[in-house]
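Listing of work_34.tsv, TSV, C-alpha atoms and all ligand atoms
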```
chain	number	residue	atom	x	y	z
A	1	MET	CA	10.78	-2.65	-46.29
A	2	LYS	CA	13.21	-1.22	-43.77
A	3	ASP	CA	13.34	2.30	-42.48
A	4	HIS	CA	16.75	3.83	-43.10
A	5	LEU	CA	20.03	2.97	-44.86
A	6	SER	CA	23.30	4.94	-44.55
A	7	LEU	CA	25.66	4.40	-47.48
A	8	PHE	CA	29.28	5.56	-47.39
A	9	ILE	CA	31.27	4.84	-50.54
A	10	MET	CA	34.95	5.71	-50.86
A	11	VAL	CA	36.34	6.01	-54.38
A	12	ASP	CA	40.10	6.05	-53.83
A	13	ALA	CA	41.94	8.97	-55.52
A	14	CYS	CA	38.77	10.57	-56.90
A	15	GLY	CA	40.29	14.02	-56.49
A	16	TRP	CA	38.52	17.35	-56.85
A	17	GLU	CA	40.50	18.32	-59.96
A	18	ILE	CA	39.55	15.04	-61.66
A	19	VAL	CA	35.78	15.42	-61.16
A	20	LYS	CA	35.22	19.16	-61.04
A	21	ASP	CA	34.24	19.31	-64.73
A	22	HIS	CA	32.67	15.85	-64.88
A	23	PRO	CA	28.95	15.24	-64.18
A	24	PHE	CA	29.92	12.45	-61.77
A	25	LEU	CA	26.92	11.45	-59.56
A	26	LYS	CA	24.94	14.57	-60.57
A	27	LYS	CA	21.71	12.57	-60.28
A	28	VAL	CA	22.17	10.50	-57.09
A	29	ALA	CA	24.53	12.74	-55.09
A	30	PRO	CA	24.29	16.27	-56.51
A	31	HIS	CA	25.72	18.10	-53.47
A	32	ARG	CA	29.46	18.20	-53.95
A	33	ARG	CA	32.26	19.67	-51.91
A	34	LYS	CA	36.04	20.02	-52.18
A	35	LEU	CA	37.83	18.63	-49.11
A	36	GLU	CA	41.40	19.09	-47.96
A	37	SER	CA	43.22	15.78	-47.57
A	38	VAL	CA	45.69	14.63	-44.91
A	39	PHE	CA	49.46	14.81	-45.42
A	40	GLY	CA	50.63	11.32	-46.37
A	41	TYR	CA	49.51	8.38	-48.50
A	42	SER	CA	46.36	6.23	-48.40
A	43	SER	CA	48.06	4.50	-45.46
A	44	THR	CA	47.14	7.58	-43.42
A	45	CYS	CA	44.22	9.12	-45.34
A	46	VAL	CA	41.96	6.06	-45.03
A	47	PRO	CA	42.59	5.55	-41.27
A	48	SER	CA	41.95	9.31	-40.75
A	49	ILE	CA	38.55	8.98	-42.44
A	50	LEU	CA	37.72	5.81	-40.51
A	51	SER	CA	38.62	7.30	-37.12
A	52	GLY	CA	37.99	11.02	-37.49
A	53	ARG	CA	41.41	11.62	-36.04
A	54	TRP	CA	44.73	12.86	-37.39
A	55	PRO	CA	48.03	11.04	-37.98
A	56	ASP	CA	49.60	12.41	-34.76
A	57	GLU	CA	46.65	10.90	-32.87
A	58	HIS	CA	46.09	7.51	-34.55
A	59	ARG	CA	49.71	6.92	-35.65
A	60	ASN	CA	48.82	5.23	-38.92
A	61	TRP	CA	51.14	7.29	-41.11
A	62	CYS	CA	53.76	5.90	-43.50
A	63	TYR	CA	54.21	2.14	-43.81
A	64	PHE	CA	57.93	1.53	-43.21
A	65	VAL	CA	59.90	2.96	-40.28
A	66	TYR	CA	63.45	2.53	-39.02
A	67	ASN	CA	63.20	0.27	-35.98
A	68	PRO	CA	65.81	-2.55	-36.01
A	69	ALA	CA	65.02	-3.60	-32.41
A	70	GLU	CA	61.45	-4.50	-33.33
A	71	SER	CA	61.85	-5.43	-36.99
A	72	PRO	CA	59.70	-8.44	-37.88
A	73	PHE	CA	61.78	-8.91	-41.04
A	74	ARG	CA	65.03	-10.15	-39.50
A	75	THR	CA	64.34	-13.66	-40.80
A	76	LEU	CA	64.31	-12.32	-44.37
A	77	ARG	CA	67.94	-11.19	-44.32
A	78	TRP	CA	69.18	-14.33	-46.07
A	79	LEU	CA	67.34	-13.13	-49.19
A	80	ARG	CA	70.12	-10.59	-49.70
A	81	TRP	CA	72.26	-13.43	-51.04
A	82	LEU	CA	69.88	-14.03	-53.92
A	83	PRO	CA	70.80	-12.27	-57.17
A	84	THR	CA	68.95	-8.96	-57.67
A	85	ALA	CA	67.83	-10.31	-61.07
A	86	VAL	CA	65.52	-12.53	-59.00
A	87	THR	CA	64.72	-10.36	-55.95
A	88	SER	CA	63.95	-7.18	-57.88
A	89	ARG	CA	61.40	-8.95	-60.08
A	90	ARG	CA	57.88	-7.84	-59.37
A	91	ILE	CA	56.50	-11.38	-59.59
A	92	PHE	CA	58.98	-12.67	-57.01
A	93	ARG	CA	58.23	-9.75	-54.69
A	94	ARG	CA	54.50	-10.31	-55.04
A	95	TRP	CA	54.84	-13.98	-54.12
A	96	LEU	CA	57.12	-13.16	-51.21
A	97	THR	CA	54.81	-10.39	-50.00
A	98	LYS	CA	51.95	-12.92	-49.72
A	99	PHE	CA	54.20	-15.42	-47.95
A	100	VAL	CA	55.53	-12.85	-45.46
A	101	LYS	CA	52.05	-11.44	-44.77
A	102	VAL	CA	50.81	-14.90	-43.73
A	103	GLN	CA	53.97	-15.72	-41.77
A	104	LEU	CA	53.89	-12.46	-39.81
A	105	LYS	CA	50.09	-12.50	-39.40
A	106	PHE	CA	49.70	-8.98	-40.79
A	107	ARG	CA	46.00	-8.20	-41.12
A	108	GLY	CA	46.10	-4.93	-43.06
A	109	TYR	CA	47.44	-4.02	-46.47
A	110	PHE	CA	50.97	-5.26	-46.91
A	111	ASP	CA	53.55	-4.95	-49.66
A	112	LEU	CA	57.31	-5.41	-49.49
A	113	TYR	CA	57.51	-2.91	-52.33
A	114	ASN	CA	61.12	-2.33	-53.28
A	115	ILE	CA	62.80	-2.36	-49.85
A	116	PRO	CA	66.24	-3.93	-50.37
A	117	PHE	CA	66.64	-7.24	-48.52
A	118	LYS	CA	70.07	-6.08	-47.45
A	119	TYR	CA	68.41	-3.51	-45.18
A	120	ILE	CA	65.00	-5.00	-44.49
A	121	HIS	CA	66.00	-6.10	-40.96
A	122	LEU	CA	66.33	-2.40	-40.05
A	123	PHE	CA	62.67	-1.65	-40.66
A	124	ASP	CA	59.32	-2.22	-39.04
A	125	PHE	CA	55.96	-2.13	-40.81
A	126	THR	CA	53.30	0.07	-39.18
A	127	GLU	CA	50.04	-1.42	-40.49
A	128	LYS	CA	49.97	-4.82	-38.84
A	129	LYS	CA	46.21	-4.59	-38.28
A	130	SER	CA	43.51	-3.67	-40.78
A	131	PRO	CA	41.95	-0.22	-40.28
A	132	LEU	CA	38.89	-1.67	-42.08
A	133	LYS	CA	38.20	-3.87	-39.04
A	134	PRO	CA	37.23	-3.22	-35.40
A	135	LYS	CA	40.32	-2.61	-33.22
A	136	GLY	CA	42.20	-2.02	-36.48
A	137	MET	CA	43.85	1.31	-35.64
A	138	ASN	CA	47.33	1.72	-34.22
A	139	ARG	CA	45.82	3.96	-31.57
A	140	GLY	CA	42.20	4.66	-30.62
A	141	PRO	CA	38.92	3.39	-32.06
A	142	ASN	CA	37.48	3.57	-35.59
A	143	ILE	CA	33.94	3.58	-37.00
A	144	PHE	CA	33.79	-0.22	-36.90
A	145	ASP	CA	34.41	-0.22	-33.15
A	146	LEU	CA	31.44	2.13	-32.81
A	147	LEU	CA	29.25	-0.01	-35.10
A	148	GLU	CA	30.08	-3.10	-33.03
A	149	GLU	CA	29.50	-1.30	-29.75
A	150	LYS	CA	26.08	-0.03	-30.86
A	151	LYS	CA	25.27	-3.39	-32.49
A	152	ILE	CA	24.37	-1.85	-35.85
A	153	PRO	CA	24.38	-4.43	-38.68
A	154	TYR	CA	26.83	-3.19	-41.33
A	155	PHE	CA	28.60	-3.99	-44.57
A	156	VAL	CA	32.30	-3.38	-45.10
A	157	THR	CA	34.42	-4.14	-48.15
A	158	ASP	CA	36.75	-7.13	-48.09
A	159	PRO	CA	39.75	-5.69	-49.98
A	160	SER	CA	41.02	-9.17	-50.89
A	161	GLN	CA	38.06	-9.52	-53.29
A	162	PRO	CA	37.71	-7.89	-56.74
A	163	GLU	CA	35.51	-4.78	-57.14
A	164	GLU	CA	32.66	-6.60	-58.90
A	165	GLU	CA	32.41	-8.82	-55.83
A	166	HIS	CA	32.24	-5.74	-53.54
A	167	LEU	CA	29.27	-4.54	-55.57
A	168	ARG	CA	27.59	-7.96	-55.61
A	169	ARG	CA	27.92	-8.40	-51.84
A	170	LEU	CA	26.66	-4.91	-51.06
A	171	LEU	CA	23.63	-5.41	-53.34
A	172	GLY	CA	23.01	-8.76	-51.64
A	173	ASP	CA	23.05	-7.17	-48.18
A	174	ILE	CA	20.68	-4.42	-49.35
A	175	GLU	CA	18.22	-6.85	-51.01
A	176	SER	CA	18.12	-9.04	-47.92
A	177	GLU	CA	17.73	-5.90	-45.76
A	178	ARG	CA	20.44	-7.25	-43.47
A	179	ILE	CA	22.23	-3.93	-42.93
A	180	ASP	CA	21.61	-0.38	-41.70
A	181	PHE	CA	25.05	0.97	-42.60
A	182	ALA	CA	27.62	0.33	-45.33
A	183	PHE	CA	31.24	1.33	-45.90
A	184	GLN	CA	32.27	0.48	-49.45
A	185	TYR	CA	35.88	1.01	-50.52
A	186	TRP	CA	36.75	0.99	-54.22
A	187	ALA	CA	40.43	1.26	-55.13
A	188	GLY	CA	40.22	0.70	-58.91
A	189	LEU	CA	40.36	4.35	-59.93
A	190	ASP	CA	43.53	4.86	-57.87
A	191	GLY	CA	45.26	1.96	-59.63
A	192	LEU	CA	44.18	3.21	-63.05
A	193	LEU	CA	45.28	6.80	-62.35
A	194	HIS	CA	48.73	5.62	-61.23
A	195	MET	CA	49.06	3.84	-64.58
A	196	VAL	CA	47.54	6.23	-67.14
A	197	GLY	CA	47.59	9.66	-65.44
A	198	ASN	CA	44.79	12.11	-64.61
A	199	ASP	CA	44.28	13.40	-68.18
A	200	SER	CA	43.75	10.03	-69.88
A	201	PRO	CA	40.40	9.41	-71.64
A	202	GLU	CA	40.21	6.23	-69.52
A	203	ILE	CA	39.44	8.31	-66.42
A	204	PRO	CA	36.02	9.76	-67.40
A	205	LYS	CA	35.10	6.25	-68.57
A	206	LYS	CA	35.96	4.82	-65.17
A	207	LEU	CA	33.95	7.59	-63.47
A	208	ASP	CA	30.93	6.73	-65.66
A	209	HIS	CA	31.38	3.11	-64.66
A	210	TYR	CA	31.27	3.96	-60.93
A	211	ASP	CA	28.35	6.29	-61.59
A	212	ARG	CA	26.39	3.34	-63.02
A	213	TRP	CA	27.30	1.10	-60.08
A	214	ILE	CA	26.38	3.70	-57.46
A	215	THR	CA	23.11	4.46	-59.28
A	216	GLN	CA	22.32	0.74	-59.28
A	217	VAL	CA	23.05	0.57	-55.53
A	218	MET	CA	20.75	3.56	-54.89
A	219	GLU	CA	17.91	2.16	-57.04
A	220	THR	CA	18.11	-1.17	-55.23
A	221	ALA	CA	18.31	0.54	-51.84
A	222	LYS	CA	15.22	2.63	-52.49
A	223	LYS	CA	13.21	-0.55	-53.14
A	224	HIS	CA	14.11	-1.87	-49.68
A	225	TYR	CA	14.50	1.22	-47.47
A	226	ARG	CA	12.14	4.15	-47.04
A	227	GLU	CA	15.05	6.57	-46.57
A	228	VAL	CA	18.54	6.27	-48.08
A	229	ARG	CA	21.39	8.66	-47.28
A	230	LEU	CA	24.40	8.45	-49.60
A	231	HIS	CA	27.87	9.95	-49.25
A	232	VAL	CA	30.59	9.26	-51.82
A	233	PHE	CA	34.06	10.60	-51.13
A	234	SER	CA	37.75	10.20	-51.77
A	235	ASP	CA	40.87	10.20	-49.63
A	236	HIS	CA	43.07	12.33	-51.93
A	237	GLY	CA	43.61	13.27	-55.58
A	238	MET	CA	46.31	12.36	-58.08
A	239	ALA	CA	49.06	14.34	-59.85
A	240	ASN	CA	50.83	13.41	-63.07
A	241	CYS	CA	54.55	12.83	-62.59
A	242	ASP	CA	56.63	14.49	-65.27
A	243	VAL	CA	59.84	14.99	-63.29
A	244	HIS	CA	61.87	12.08	-61.91
A	245	ILE	CA	64.71	12.51	-59.48
A	246	ASP	CA	67.22	9.96	-58.28
A	247	LEU	CA	67.89	11.07	-54.71
A	248	ARG	CA	69.83	7.93	-53.87
A	249	ALA	CA	72.39	8.70	-56.59
A	250	LYS	CA	73.39	11.82	-54.60
A	251	ILE	CA	73.06	10.39	-51.08
A	252	ASP	CA	74.97	7.11	-51.70
A	253	PRO	CA	78.27	8.81	-52.74
A	254	LEU	CA	78.46	10.46	-49.30
A	255	GLY	CA	79.76	7.04	-48.23
A	256	LEU	CA	77.49	6.91	-45.19
A	257	GLU	CA	76.51	3.49	-43.98
A	258	MET	CA	72.84	2.58	-43.74
A	259	GLY	CA	71.98	1.36	-40.25
A	260	LYS	CA	75.24	2.72	-38.78
A	261	ASP	CA	75.39	6.38	-39.80
A	262	TYR	CA	71.83	6.96	-40.93
A	263	ALA	CA	68.65	5.29	-42.11
A	264	VAL	CA	66.27	6.36	-44.83
A	265	VAL	CA	62.99	5.30	-46.39
A	266	TYR	CA	62.54	6.60	-49.90
A	267	ASP	CA	58.77	6.83	-50.41
A	268	SER	CA	57.63	7.99	-53.87
A	269	THR	CA	57.24	11.64	-52.92
A	270	MET	CA	59.01	11.76	-49.55
A	271	ALA	CA	62.37	10.78	-48.13
A	272	ARG	CA	62.36	10.17	-44.39
A	273	PHE	CA	65.72	10.18	-42.59
A	274	TRP	CA	67.01	9.05	-39.20
A	275	PHE	CA	70.48	10.19	-38.07
A	276	LEU	CA	72.52	7.72	-36.04
A	277	LYS	CA	75.80	9.66	-35.64
A	278	PRO	CA	76.69	13.30	-35.04
A	279	GLY	CA	77.49	15.34	-38.14
A	280	VAL	CA	75.52	13.12	-40.51
A	281	LYS	CA	72.42	15.28	-40.61
A	282	GLU	CA	74.35	18.33	-41.86
A	283	ARG	CA	75.85	16.37	-44.76
A	284	ILE	CA	72.49	14.96	-45.84
A	285	VAL	CA	70.76	18.33	-45.52
A	286	GLU	CA	73.41	19.84	-47.80
A	287	VAL	CA	72.60	17.26	-50.50
A	288	LEU	CA	68.85	17.75	-50.09
A	289	ASN	CA	69.22	21.51	-50.40
A	290	GLY	CA	70.77	20.91	-53.83
A	291	PHE	CA	67.44	19.58	-55.12
A	292	PRO	CA	65.08	22.43	-56.07
A	293	GLU	CA	62.34	19.83	-56.73
A	294	GLY	CA	61.65	19.37	-53.03
A	295	ARG	CA	62.05	20.82	-49.57
A	296	ILE	CA	62.47	19.87	-45.92
A	297	MET	CA	59.19	20.01	-44.03
A	298	GLN	CA	59.76	22.11	-40.93
A	299	GLU	CA	58.44	21.07	-37.53
A	300	GLU	CA	55.92	23.91	-37.42
A	301	GLU	CA	54.42	22.89	-40.74
A	302	LEU	CA	54.30	19.20	-39.82
A	303	ARG	CA	52.55	20.14	-36.59
A	304	HIS	CA	50.07	22.26	-38.55
A	305	TYR	CA	49.19	19.25	-40.74
A	306	ARG	CA	49.08	16.97	-37.66
A	307	ALA	CA	51.94	14.76	-38.93
A	308	PHE	CA	54.62	15.68	-36.40
A	309	PHE	CA	55.60	12.84	-34.09
A	310	ASP	CA	57.45	13.71	-30.88
A	311	ASP	CA	59.28	10.38	-30.86
A	312	HIS	CA	60.35	10.77	-34.53
A	313	ALA	CA	58.99	7.27	-35.15
A	314	PHE	CA	58.38	8.05	-38.83
A	315	GLY	CA	61.63	9.97	-39.40
A	316	GLU	CA	63.66	12.79	-37.89
A	317	LEU	CA	63.66	14.71	-41.14
A	318	ILE	CA	60.94	14.64	-43.79
A	319	TRP	CA	61.85	15.83	-47.27
A	320	LEU	CA	58.91	16.30	-49.64
A	321	THR	CA	58.94	16.73	-53.41
A	322	GLN	CA	56.92	19.31	-55.31
A	323	GLU	CA	53.73	18.15	-56.95
A	324	GLY	CA	54.57	16.21	-60.11
A	325	THR	CA	58.05	15.11	-59.01
A	326	LEU	CA	58.62	11.42	-58.34
A	327	ILE	CA	61.56	9.86	-56.50
A	328	VAL	CA	62.81	7.06	-58.81
A	329	PRO	CA	64.14	4.60	-57.95
A	330	SER	CA	62.58	4.58	-54.49
A	331	HIS	CA	61.80	1.98	-51.87
A	332	MET	CA	58.29	1.96	-53.32
A	333	GLY	CA	59.34	1.18	-56.89
A	334	GLU	CA	62.28	0.67	-59.21
A	335	ARG	CA	60.55	2.19	-62.24
A	336	PRO	CA	58.50	5.38	-62.73
A	337	ILE	CA	54.70	5.42	-62.63
A	338	ARG	CA	52.58	7.95	-64.53
A	339	ALA	CA	50.95	9.61	-61.55
A	340	MET	CA	51.21	9.77	-57.76
A	341	HIS	CA	49.68	11.28	-54.63
A	342	GLY	CA	51.21	12.06	-51.24
A	343	TYR	CA	52.21	15.62	-52.09
A	344	HIS	CA	51.54	18.68	-49.97
A	345	PRO	CA	47.85	18.82	-48.94
A	346	THR	CA	47.47	22.26	-50.53
A	347	ASP	CA	49.01	21.31	-53.89
A	348	PRO	CA	46.24	21.61	-56.53
A	349	GLN	CA	45.84	17.89	-57.27
A	350	SER	CA	45.84	16.81	-53.61
A	351	TYR	CA	42.26	17.86	-52.81
A	352	ALA	CA	39.63	15.21	-52.15
A	353	THR	CA	35.87	15.24	-52.70
A	354	LEU	CA	32.55	14.65	-50.99
A	355	PHE	CA	29.30	13.97	-52.87
A	356	SER	CA	26.06	13.75	-50.90
A	357	SER	CA	22.50	12.79	-51.76
A	358	HIS	CA	21.07	15.37	-49.32
A	359	ASP	CA	21.98	19.00	-48.77
A	360	GLU	CA	22.68	18.64	-45.07
A	361	VAL	CA	26.43	18.33	-44.64
A	362	PRO	CA	27.55	20.84	-41.99
A	363	ALA	CA	29.82	23.69	-43.14
A	364	GLU	CA	32.51	22.48	-40.70
A	365	VAL	CA	33.11	19.41	-42.88
A	366	THR	CA	36.18	20.73	-44.70
A	367	HIS	CA	38.86	18.00	-44.29
A	368	ILE	CA	38.69	14.26	-44.92
A	369	PRO	CA	38.81	13.25	-41.21
A	370	HIS	CA	35.49	15.14	-40.85
A	371	ILE	CA	33.78	12.45	-42.96
A	372	TYR	CA	33.90	10.43	-39.75
A	373	GLN	CA	31.45	12.90	-38.16
A	374	LEU	CA	28.89	12.04	-40.86
A	375	MET	CA	29.39	8.33	-40.23
A	376	GLU	CA	29.19	8.77	-36.46
A	377	ARG	CA	25.98	10.77	-36.82
A	378	ALA	CA	24.48	7.97	-38.95
A	379	VAL	CA	25.48	5.27	-36.44
A	380	ASN	CA	23.97	7.25	-33.56
A	381	TYR	CA	20.79	7.73	-35.57
A	382	HIS	CA	20.48	3.96	-36.14
A	383	ALA	CA	21.28	3.24	-32.48
A	384	ALA	CA	18.53	5.64	-31.34
A	385	ALA	CA	16.05	4.12	-33.84
A	386	GLN	CA	16.90	0.65	-32.51
A	387	THR	CA	16.10	1.56	-28.91
A	388	LYS	CA	12.81	3.15	-30.00
A	389	SER	CA	11.54	0.11	-31.87
B	1	ZN	ZN	47.42	5.29	-54.79
```
Would you mind writing the file's structure down as structure tokens?
Ligand SMILES: [Zn+2]
Amino acid sequence: MKDHLSLFIMVDACGWEIVKDHPFLKKVAPHRRKLESVFGYSSTCVPSILSGRWPDEHRNWCYFVYNPAESPFRTLRWLRWLPTAVTSRRIFRRWLTKFVKVQLKFRGYFDLYNIPFKYIHLFDFTEKKSPLKPKGMNRGPNIFDLLEEKKIPYFVTDPSQPEEEHLRRLLGDIESERIDFAFQYWAGLDGLLHMVGNDSPEIPKKLDHYDRWITQVMETAKKHYREVRLHVFSDHGMANCDVHIDLRAKIDPLGLEMGKDYAVVYDSTMARFWFLKPGVKERIVEVLNGFPEGRIMQEEELRHYRAFFDDHAFGELIWLTQEGTLIVPSHMGERPIRAMHGYHPTDPQSYATLFSSHDEVPAEVTHIPHIYQLMERAVNYHAAAQTKS
């Protein structure tokens, strides 16, 4: 029997609106709280949780950025000669994504998504390392650096494995009493929500399923540890997408040349522009102002949400859609999906959650990067216990 186990379980996209009327974890983690998320996608929310810092500090924000000088994709340009009937097929892209990831030695999450091969040499990818590993942040340390430094034995999810395997491995580490700390990351709910939407009867079923898994983890843990502290949380919520807009269909007719006049990444809820010649910005802004479904994020607001970058690495102009509006087609996908996140942090469906086994979470824990403080506190507790024994 060991003394103390700290369990941190992230259920991706388990938003406040999705669980507020559901008895999710009422038994094992009855203390629940609504948290404000971070502006951006999981590509920034997860690193913010893991480091306790904000996008303008850790610089893990959106995946693709205009940076032809440092593009690792220049060797892929020949693919533009293949017919789009081949290159736009999901199966081909999936195969190529795996191939490119190995070739370029990317250690984090990687997907070529729907970036056209004609332009891929203009872009860089910003998650070359895995934030789920020590030294995995673009800038600064994360919780795994601290765990390594303090020599605390820990479990962390291997995202290349299926969810059942994550559960099996965590239970194994608890039964063998190998670990003091665990960070489990489950992405299944996020994938399901994208497909079926937040009002599908599948969602409460999936929540019940996680409830059973987490209860099983807690029951096992209590057999092997005198004290178990559990926190379950999410990185963001999920909004149904009922409005689709084709931004490209209005930008393309301007006759501006990508890579010469301007550059753009069409994310699913954001369009990020770089202007390469004078006068171009004004023309693009005029088009954007014709779309009531979105707005330009002003510098002051981006600074407020800690997503303003002085070097404009992620775009000189960020245009964001209203909650429920999806940019289709985008560089993230050719076809619509039922639901999406990455809207404004104060849009109703954006809010994240925190469920705790003990009523001891400080009142200052209001935003997802603050979850790091709970993890840091746990690591320091284990480090102090180690030196005592
Ligand atoms: Zn997602």
**OP:** Write as a ChimeraX atom specification the residues around ligand ZN 1 (chain B), taking 7 Å as the cut-off and counting only C-alpha atoms and all ligand atoms.
**Re:** /A:13,42,190-191,194,340-341
Just the selected residues (C-alpha atoms), exported as a compact mmCIF listing (two decimals), in the frame of the given file, please.
```
# COMPACT_ATOMS: atom_id res chain seq x y z
CA ALA A 13 41.94 8.97 -55.52
CA SER A 42 46.36 6.23 -48.40
CA ASP A 190 43.53 4.86 -57.87
CA GLY A 191 45.26 1.96 -59.63
CA HIS A 194 48.73 5.62 -61.23
CA MET A 340 51.21 9.77 -57.76
CA HIS A 341 49.68 11.28 -54.63
```
**OP:** Find, counting all atoms listed in the file, the residue in A:Ala352, A:Val265, A:Ile174, A:Ile318 that gets nearest to A:Asn114.
**Re:**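 Using all atoms listed in the file, the shortest distance to A:Asn114 belongs to A:Val265.
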Original post:
If we count all atoms listed in the file, what is near A:Pro329 at a cut-off of 10 Å, once residues fewer than 5 positions away on the same chain are taken out, given as a ChimeraX atom specification?
Top reply: /A:114,244-249,266-268,334-336
Original post:
Which one of A:Leu374, A:Val232, A:Leu276, A:Leu112 sits closest to A:Glu257 if you count only C-alpha atoms?
Top reply: A:Leu276
**OP:** Could you please determine the separation between atom CA of A:Pro55 and atom CA of A:Arg283 in Å, to one decimal place?
**Re:**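 One can read the atom CA of A:Pro55 to atom CA of A:Arg283 distance as 29.1 Å.
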Subject >> stretch 83-91 of chain A surroundings by only C-alpha atoms, 9 Å radius, close-in-sequence under 4 positions cut, as an MDAnalysis selection string >> reply: chainID A and resid 79 95:96 113:114 116:117 334
**OP:** Neighbourhood query: residues within 7 Å of (70.0, 7.1, -41.8), file coordinates, counting all atoms listed in the file; return as a list in words.
**Re:**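 Every residue inside that radius is included here: Met258, Gly259, Asp261, Tyr262, Ala263, Val264, Phe273, Trp274, Phe275 and Leu276 of chain A.
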Original post:
atom CA of A:Trp319 and atom CA of A:Gly290, how far apart in Å?
Top reply: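 Atom-to-atom, atom CA of A:Gly290 and atom CA of A:Trp319 are spaced 12.2 Å apart.
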**OP:** Go through A:Leu189, A:His312, A:Glu17, A:Leu122 one by one, measure the shortest atom-to-atom distance of each to A:Lys205 using only C-alpha atoms, and give the residue with the smallest value.
**Re:**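 Among A:Leu189, A:His312, A:Glu17, A:Leu122, it is A:Leu189 that comes nearest to A:Lys205.
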Subject >> Long-range neighbours of A:His370 as a list in words, 8 Å cut-off, all atoms listed in the file, 6 positions minimum in chain >> reply: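 The filter keeps Ile49, Gly52 and Glu364 of chain A.
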**OP:** Enter the distance from atom CA of A:Lys206 to atom CA of A:Met332, in Å, rounded to one decimal.
**Re:** 25.4 Å
**OP:** Tell me which of A:Leu104, A:Val46, A:Val196, A:Val65 sits closest to A:Ile143, counting all atoms listed in the file.
**Re:**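 Smallest distance to A:Ile143 is found for A:Val46.
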